[in-house]
$ cat my_file-v7.cif   # mmCIF, C-alpha atoms
data_my_file
loop_
_atom_site.label_atom_id
_atom_site.label_comp_id
_atom_site.auth_asym_id
_atom_site.auth_seq_id
_atom_site.Cartn_x
_atom_site.Cartn_y
_atom_site.Cartn_z
CA MET A 362 -13.60 -14.59 45.24
CA LYS A 363 -12.76 -11.00 44.23
CA LYS A 364 -9.11 -11.40 45.24
CA THR A 365 -8.83 -14.62 43.26
CA ALA A 366 -10.43 -12.99 40.19
CA ILE A 367 -7.97 -10.11 40.42
CA ALA A 368 -5.13 -12.58 40.73
CA PHE A 369 -6.44 -14.42 37.70
CA ILE A 370 -6.47 -11.21 35.62
CA ILE A 371 -2.96 -10.34 36.81
CA GLY A 372 -1.90 -13.83 35.79
CA ILE A 373 -3.21 -13.28 32.27
CA LEU A 374 -1.44 -9.91 32.01
CA ALA A 375 1.77 -11.45 33.27
CA ALA A 376 1.44 -14.24 30.74
CA MET A 377 1.00 -11.67 27.96
CA ALA A 378 4.09 -9.79 29.13
CA GLY A 379 6.04 -13.02 29.24
CA PHE A 380 4.93 -13.84 25.72
CA ASP A 381 6.07 -10.47 24.45
CA ALA A 382 9.46 -10.88 26.07
CA TYR A 383 10.22 -14.54 25.46
CA GLY A 384 7.97 -15.74 22.61
CA ALA A 385 5.10 -18.17 22.11
CA GLY A 386 6.80 -21.11 23.79
CA ASP A 387 6.75 -19.34 27.17
CA ILE A 388 3.04 -18.39 27.09
CA ALA A 389 2.13 -21.98 26.24
CA SER A 390 3.54 -23.10 29.59
CA HIS A 391 1.04 -20.82 31.40
CA ILE A 392 -2.05 -22.20 29.67
CA PRO A 393 -2.60 -25.14 32.13
CA VAL A 394 -2.40 -22.70 35.08
CA LEU A 395 -4.90 -20.33 33.46
CA LYS A 396 -7.28 -23.23 32.76
CA SER A 397 -7.08 -24.40 36.36
CA MET A 398 -7.75 -20.91 37.74
CA ALA A 399 -10.67 -20.44 35.36
CA ARG A 400 -12.28 -23.75 36.44
CA SER A 401 -11.79 -23.16 40.16
CA GLU A 402 -13.30 -19.67 40.12
CA LYS A 403 -15.80 -20.24 37.27
CA ILE A 404 -14.26 -17.41 35.26
CA PRO A 405 -14.56 -17.93 31.46
CA LEU A 406 -11.31 -18.10 29.55
CA ASP A 407 -11.48 -17.45 25.80
CA SER A 408 -11.15 -20.84 24.13
CA ALA A 409 -9.46 -19.24 21.14
CA ILE A 410 -6.61 -18.05 23.39
CA VAL A 411 -6.31 -21.44 25.06
CA ASN A 412 -6.21 -23.28 21.74
CA ASN A 413 -4.02 -20.71 20.00
CA PRO A 414 -1.61 -18.85 22.32
CA ALA A 415 -0.34 -16.84 19.31
CA LEU A 416 -3.44 -14.63 19.74
CA LEU A 417 -1.54 -12.96 22.59
CA GLU A 418 1.44 -12.13 20.37
CA THR A 419 2.41 -8.44 20.43
CA VAL A 420 4.72 -6.12 18.50
CA LEU A 421 6.36 -2.83 19.45
CA VAL A 422 5.11 0.12 17.33
CA GLY A 423 6.28 3.64 18.16
CA GLY A 424 6.95 2.75 21.78
CA ASP A 425 3.53 1.09 22.25
CA THR A 426 2.80 -2.62 22.52
CA VAL A 427 0.20 -3.59 19.91
CA PRO A 428 -1.36 -7.05 19.41
CA VAL A 429 -0.49 -8.68 16.10
CA ILE A 430 -4.00 -10.18 15.87
CA LEU A 431 -6.55 -7.48 16.66
CA PRO A 432 -9.42 -8.48 18.98
CA GLN A 433 -12.74 -8.92 17.17
CA LYS A 434 -16.28 -9.18 18.48
CA ASN A 435 -18.25 -12.12 17.16
CA TYR A 436 -21.75 -10.87 16.37
CA GLY A 437 -22.83 -14.11 14.73
CA ARG A 438 -23.94 -17.44 16.13
CA TYR A 439 -20.81 -19.24 14.96
CA ASP A 440 -17.14 -18.35 15.31
CA ARG A 441 -15.46 -19.09 11.99
CA GLY A 442 -11.96 -18.54 13.34
CA LEU A 443 -11.13 -15.58 11.07
CA TYR A 444 -8.46 -13.19 12.38
CA ASN A 445 -7.80 -9.56 11.59
CA TYR A 446 -4.03 -9.07 11.62
CA LEU A 447 -2.42 -5.72 12.31
CA PHE A 448 -1.90 -4.03 8.94
CA VAL A 449 -1.44 -0.30 9.62
CA PRO A 450 -0.94 0.77 13.25
CA LYS A 451 -2.67 3.64 14.98
CA GLY A 452 -1.16 7.12 14.63
CA GLN A 453 0.10 6.93 11.05
CA TRP A 454 -0.70 9.31 8.20
CA SER A 455 -1.37 8.15 4.65
CA PHE A 456 -0.99 10.17 1.45
CA GLY A 457 -2.29 8.53 -1.69
CA LEU A 458 -3.04 9.03 -5.35
CA MET A 459 -5.43 6.80 -7.29
CA ALA A 460 -6.23 7.01 -10.99
CA SER A 461 -8.42 5.30 -13.54
CA TYR A 462 -8.40 5.40 -17.33
CA GLY A 463 -10.65 3.86 -19.95
CA GLU A 464 -10.69 4.10 -23.73
CA PHE A 465 -12.87 2.62 -26.44
CA GLY A 466 -12.86 3.26 -30.15
CA THR A 467 -14.11 1.97 -33.50
CA ASP A 468 -13.13 2.95 -37.03
CA ASP A 469 -15.61 2.43 -39.90
CA TYR A 470 -17.24 -0.43 -37.98
CA GLN A 471 -20.17 -2.37 -39.46
CA ILE A 472 -22.66 -4.86 -37.95
CA LEU A 473 -24.38 -6.83 -40.73
CA SER A 474 -26.36 -4.40 -42.89
CA MET A 475 -28.14 -2.61 -40.04
CA LEU A 476 -25.28 -0.57 -38.54
CA LYS A 477 -22.79 1.06 -40.90
CA ASN A 478 -19.95 3.58 -40.82
CA LEU A 479 -19.71 3.58 -37.04
CA ASP A 480 -16.86 5.81 -35.90
CA LEU A 481 -16.82 6.18 -32.11
CA LYS A 482 -14.11 7.31 -29.71
CA VAL A 483 -14.63 7.38 -25.93
CA LYS A 484 -12.05 8.35 -23.29
CA ALA A 485 -12.57 8.67 -19.55
CA TYR A 486 -10.08 9.21 -16.74
CA SER A 487 -10.01 10.36 -13.14
CA LEU A 488 -7.42 11.47 -10.56
CA GLN A 489 -8.04 10.98 -6.83
CA PRO A 490 -5.51 12.44 -4.36
CA SER A 491 -6.26 11.65 -0.72
CA ILE A 492 -5.02 12.14 2.83
CA SER A 493 -6.04 10.09 5.87
CA TYR A 494 -5.15 9.53 9.51
CA PHE A 495 -5.30 6.20 11.36
CA PHE A 496 -7.23 6.92 14.55
CA ASP A 497 -7.09 3.22 15.46
CA ASN A 498 -5.30 0.10 14.28
CA ASN A 499 -6.41 -0.71 10.70
CA GLN A 500 -8.98 2.13 10.73
CA ALA A 501 -8.60 5.54 9.12
CA VAL A 502 -10.59 8.66 8.28
CA GLY A 503 -9.62 11.27 5.73
CA LEU A 504 -10.41 13.42 2.73
CA LYS A 505 -10.41 12.46 -0.93
CA PHE A 506 -10.60 14.71 -3.98
CA ASN A 507 -11.72 13.40 -7.35
CA TYR A 508 -11.34 15.04 -10.76
CA THR A 509 -13.06 13.20 -13.63
CA ARG A 510 -13.21 13.96 -17.35
CA MET A 511 -14.93 12.11 -20.20
CA ASN A 512 -14.79 12.78 -23.95
CA LEU A 513 -17.05 11.16 -26.56
CA ASP A 514 -16.81 11.82 -30.30
CA LEU A 515 -19.12 10.29 -32.92
CA PRO A 516 -18.07 11.50 -36.40
CA SER A 517 -20.50 9.22 -38.24
CA LEU A 518 -23.19 6.57 -37.71
CA MET A 519 -25.74 5.09 -40.13
CA VAL A 520 -28.67 2.90 -38.98
CA ASP A 521 -30.82 1.06 -41.55
CA PHE A 522 -33.33 -1.52 -40.23
CA ASP A 523 -35.95 -1.13 -42.96
CA ASP A 524 -37.59 1.55 -45.09
CA ASP A 525 -39.37 3.05 -42.06
CA ILE A 526 -36.48 2.96 -39.57
CA ASN A 527 -33.32 4.48 -40.97
CA PHE A 528 -31.29 7.53 -40.00
CA SER A 529 -27.74 8.81 -39.83
CA LEU A 530 -25.76 10.87 -37.32
CA SER A 531 -22.63 12.93 -37.80
CA ASP A 532 -20.39 15.28 -35.86
CA VAL A 533 -21.81 14.44 -32.43
CA SER A 534 -19.64 15.21 -29.41
CA TYR A 535 -20.03 15.09 -25.64
CA TYR A 536 -17.61 16.39 -22.98
CA SER A 537 -17.97 16.40 -19.21
CA THR A 538 -15.84 17.32 -16.21
CA SER A 539 -16.56 17.01 -12.50
CA PHE A 540 -14.86 17.74 -9.20
CA THR A 541 -15.81 15.92 -6.00
CA THR A 542 -14.77 16.21 -2.35
CA SER A 543 -15.33 13.20 -0.07
CA VAL A 544 -15.07 12.34 3.61
CA VAL A 545 -13.79 8.75 3.73
CA TYR A 546 -13.70 6.00 6.34
CA ARG A 547 -11.44 3.03 5.50
CA ASN A 548 -11.25 -0.25 7.39
CA TYR A 549 -8.40 -2.67 6.65
CA VAL A 550 -8.26 -6.40 7.29
CA GLY A 551 -4.72 -7.77 7.43
CA LEU A 552 -4.19 -11.20 5.86
CA GLY A 553 -1.04 -12.26 7.71
CA ARG A 554 1.61 -11.42 10.29
CA GLU A 555 3.95 -10.16 7.56
CA ARG A 556 1.71 -7.09 7.01
CA ARG A 557 2.19 -7.46 3.26
CA PHE A 558 -1.33 -8.16 1.94
CA GLY A 559 -4.65 -6.76 3.09
CA VAL A 560 -8.17 -5.99 1.94
CA PHE A 561 -10.16 -2.87 2.76
CA ASN A 562 -13.52 -1.22 2.36
CA ASP A 563 -14.06 2.48 1.71
CA VAL A 564 -17.23 4.26 2.79
CA ASP A 565 -17.31 7.84 1.56
CA LEU A 566 -19.77 10.71 1.69
CA SER A 567 -19.25 12.83 -1.44
CA PHE A 568 -20.32 16.25 -2.66
CA GLY A 569 -19.47 17.39 -6.17
CA THR A 570 -20.18 19.73 -9.05
CA GLY A 571 -19.80 19.19 -12.77
CA THR A 572 -20.37 20.64 -16.22
CA SER A 573 -21.01 18.97 -19.57
CA ARG A 574 -21.46 20.03 -23.20
CA PHE A 575 -23.44 18.14 -25.85
CA LYS A 576 -23.14 19.23 -29.49
CA ARG A 577 -25.09 17.70 -32.39
CA TYR A 578 -26.87 18.65 -35.60
CA TYR A 579 -30.68 18.71 -35.49
CA GLY A 580 -32.74 19.74 -38.52
CA GLY A 581 -29.59 20.88 -40.29
CA LYS A 582 -28.70 23.25 -37.43
CA LEU A 583 -26.02 22.80 -34.80
CA ARG A 584 -27.44 22.64 -31.27
CA ASP A 585 -25.24 23.21 -28.24
CA THR A 586 -26.52 22.07 -24.82
CA ARG A 587 -24.65 22.88 -21.62
CA THR A 588 -25.49 21.23 -18.29
CA ASN A 589 -24.48 22.26 -14.77
CA SER A 590 -24.94 19.64 -12.08
CA THR A 591 -24.62 19.11 -8.32
CA THR A 592 -24.33 15.65 -6.79
CA ALA A 593 -24.34 14.13 -3.29
CA SER A 594 -23.68 10.42 -2.80
CA ILE A 595 -22.68 7.63 -0.42
CA ASN A 596 -20.38 5.00 -1.95
CA PHE A 597 -18.99 1.64 -0.84
CA SER A 598 -15.80 0.49 -2.56
CA PRO A 599 -13.92 -2.67 -1.49
CA GLY A 600 -10.33 -3.16 -2.56
CA VAL A 601 -6.96 -4.86 -2.19
CA CYS A 602 -3.77 -3.34 -0.75
CA VAL A 603 -0.22 -4.69 -1.19
CA PHE A 604 2.87 -3.18 0.47
CA ILE A 605 5.58 -3.13 -2.21
CA MET A 606 7.97 -1.37 0.21
CA ASP A 607 7.95 -0.81 3.97
CA TYR A 608 6.01 2.44 3.70
CA VAL A 609 4.63 2.36 0.15
CA SER A 610 1.57 0.39 -0.96
CA PHE A 611 -0.23 -0.38 -4.21
CA ASN A 612 -4.06 -0.27 -4.10
CA VAL A 613 -6.90 -1.44 -6.32
CA SER A 614 -10.53 -0.56 -5.50
CA PHE A 615 -13.85 -1.43 -7.14
CA GLY A 616 -17.10 0.51 -7.05
CA VAL A 617 -19.93 -1.89 -6.17
CA PHE A 618 -22.65 0.04 -4.34
CA GLY A 619 -23.79 3.62 -4.04
CA ILE A 620 -26.72 5.95 -3.38
CA LYS A 621 -26.83 9.20 -5.34
CA LEU A 622 -28.83 12.46 -5.38
CA HIS A 623 -28.43 14.53 -8.54
CA GLN A 624 -29.60 18.05 -9.50
CA GLU A 625 -28.94 19.52 -12.96
CA LYS A 626 -29.86 22.56 -15.04
CA GLN A 627 -29.69 22.69 -18.86
CA ILE A 628 -29.13 25.58 -21.26
CA THR A 629 -29.44 25.06 -25.04
CA ASP A 630 -28.16 27.72 -27.46
CA GLY A 631 -28.22 30.26 -24.63
CA VAL A 632 -31.83 29.52 -23.63
CA GLU A 633 -32.53 27.94 -20.23
CA GLU A 634 -34.57 24.73 -20.58
CA GLY A 635 -35.21 24.05 -16.90
CA SER A 636 -33.84 21.82 -14.16
CA ARG A 637 -34.25 18.20 -13.08
CA PHE A 638 -33.74 16.28 -9.84
CA SER A 639 -33.07 12.54 -9.74
CA SER A 640 -31.99 9.92 -7.23
CA GLY A 641 -31.05 6.28 -7.38
CA ALA A 642 -28.99 3.39 -6.06
CA ASN A 643 -26.40 1.25 -7.77
CA PHE A 644 -26.07 -2.40 -6.68
CA ARG A 645 -23.82 -3.70 -9.44
CA PHE A 646 -20.12 -3.97 -10.21
CA ASN A 647 -19.09 -0.97 -12.31
CA ILE A 648 -16.32 -1.77 -14.79
CA PHE A 649 -15.78 1.97 -15.34
CA ASN A 650 -15.11 2.49 -11.62
CA ILE A 651 -11.90 0.49 -11.15
CA ASN A 652 -9.16 2.59 -9.53
CA PHE A 653 -5.44 1.93 -9.27
CA GLY A 654 -3.17 3.92 -6.97
CA MET A 655 -0.22 4.29 -4.66
CA ALA A 656 -0.06 5.42 -1.03
CA VAL A 657 2.76 6.54 1.27
CA TYR A 658 2.54 6.00 5.06
CA ILE A 659 4.45 8.07 7.60
#
$ encode --input "my_file-v7.cif" --output "structure tokens"
Amino acid sequence: MKKTAIAFIIGILAAMAGFDAYGAGDIASHIPVLKSMARSEKIPLDSAIVNNPALLETVLVGGDTVPVILPQKNYGRYDRGLYNYLFVPKGQWSFGLMASYGEFGTDDYQILSMLKNLDLKVKAYSLQPSISYFFDNNQAVGLKFNYTRMNLDLPSLMVDFDDDINFSLSDVSYYSTSFTTSVVYRNYVGLGRERRFGVFNDVDLSFGTGTSRFKRYYGGKLRDTRTNSTTASINFSPGVCVFIMDYVSFNVSFGVFGIKLHQEKQITDGVEEGSRFSSGANFRFNIFNINFGMAVYI
């Protein structure tokens, strides 16, 4: 029994070697033999391999033989026949740069008779250089650095609901900058043998600091509030990756879920006003957290 089982395993390995050397047509000829050996010795043979010999297809990467379709464990009750194709092989380095930019503005905008003279300008952008190493096929760990800046200017705003609710604002401004360092794990799923298109999910643990400044007139006097903050968060960001050249890819990611811890301290006109701690989770798609970038693989 043991000798036959060993022979059966050797037969599978030999079939895989033959497939790599001669193509799919050769491995198909071994399938009846493998079925017969499996039945005679009651050794299970993966039905997916029997029905689709291409699952044993391999490719030569850096002197190593790597399967084109990576083996996956099925943790569910039903096998849906989804394959994870090799997208980025083990041992490669990736250097990337992602960026996002958003802008919104109004000029003397009016909504009926309630909101008048609305002048608002908002700009926000971020730069995210990163470096990562693929410790396994389609799986990488690395570091990401994020610099974010937002500017908001409100030169004028008049609100008039009725005689009791009416006010006006002018010369309001808000500026903020932050710097974040993240440890990132990225898992790719290849969508075809051509290694052109893939999807991925980023899980990052981030630590960052930031400063902001809020200026406005209150009681006819200009008030200047400065805030220093510290943040720790865990974020999940799925995305799409397309290789536009052999070693250059274009990436788009979306922020959809995160857990954040936030500590801040405020100072107004040179007088400390105290500190505040907050925490929360975000379970929604964030339109202001769409990132576009490029990456180089070596």
$ resolve_selection --input "my_file-v7.cif" --expression "the PyMOL selection byres ((chain A and resi 484) around 6)" --output "list in words"
Gly463, Glu464, Val483, Ala485, Met511 and Asn512 of chain A
$ resolve_selection --input "my_file-v7.cif" --expression "the PyMOL selection byres ((chain A and resi 592-601) around 8)" --output "ChimeraX atom specification"
/A:558-570,590-591,602-603,612-624
$ residues_around --input "my_file-v7.cif" --residues "Val449 in chain A" --least-positions-apart "5" --cutoff "9 Å" --atoms "all atoms listed in the file" --output "PyMOL selection string"
chain A and resi 495+497-500+549+551+556+658
$ residues_around --input "my_file-v7.cif" --residues "Arg587 in chain A" --least-positions-apart "4" --cutoff "7 Å" --atoms "all atoms listed in the file" --output "ChimeraX atom specification"
/A:573-575,627-629
$ resolve_selection --input "my_file-v7.cif" --expression "the PyMOL selection byres ((chain A and resi 655) around 10)" --output "MDAnalysis selection string"
chainID A and resid 456:460 490 602:605 609:613 653:654 656:657
$ residues_around --input "my_file-v7.cif" --residues "range 580-583 of chain A" --least-positions-apart "2" --cutoff "12 Å" --atoms "all atoms listed in the file" --output "ChimeraX atom specification"
/A:530-534,575-578,585-586,629-630
$ residues_around --input "my_file-v7.cif" --residues "Thr572 in chain A" --least-positions-apart "2" --cutoff "7 Å" --atoms "all atoms listed in the file" --output "list of chain:residue names"
A:Ser537, A:Thr538, A:Ser539, A:Thr588, A:Asn589, A:Ser590
$ atom_distance --input "my_file-v7.cif" --atom1 "CA of Val544 in chain A" --atom2 "CA of Asp607 in chain A"
26.5 Å
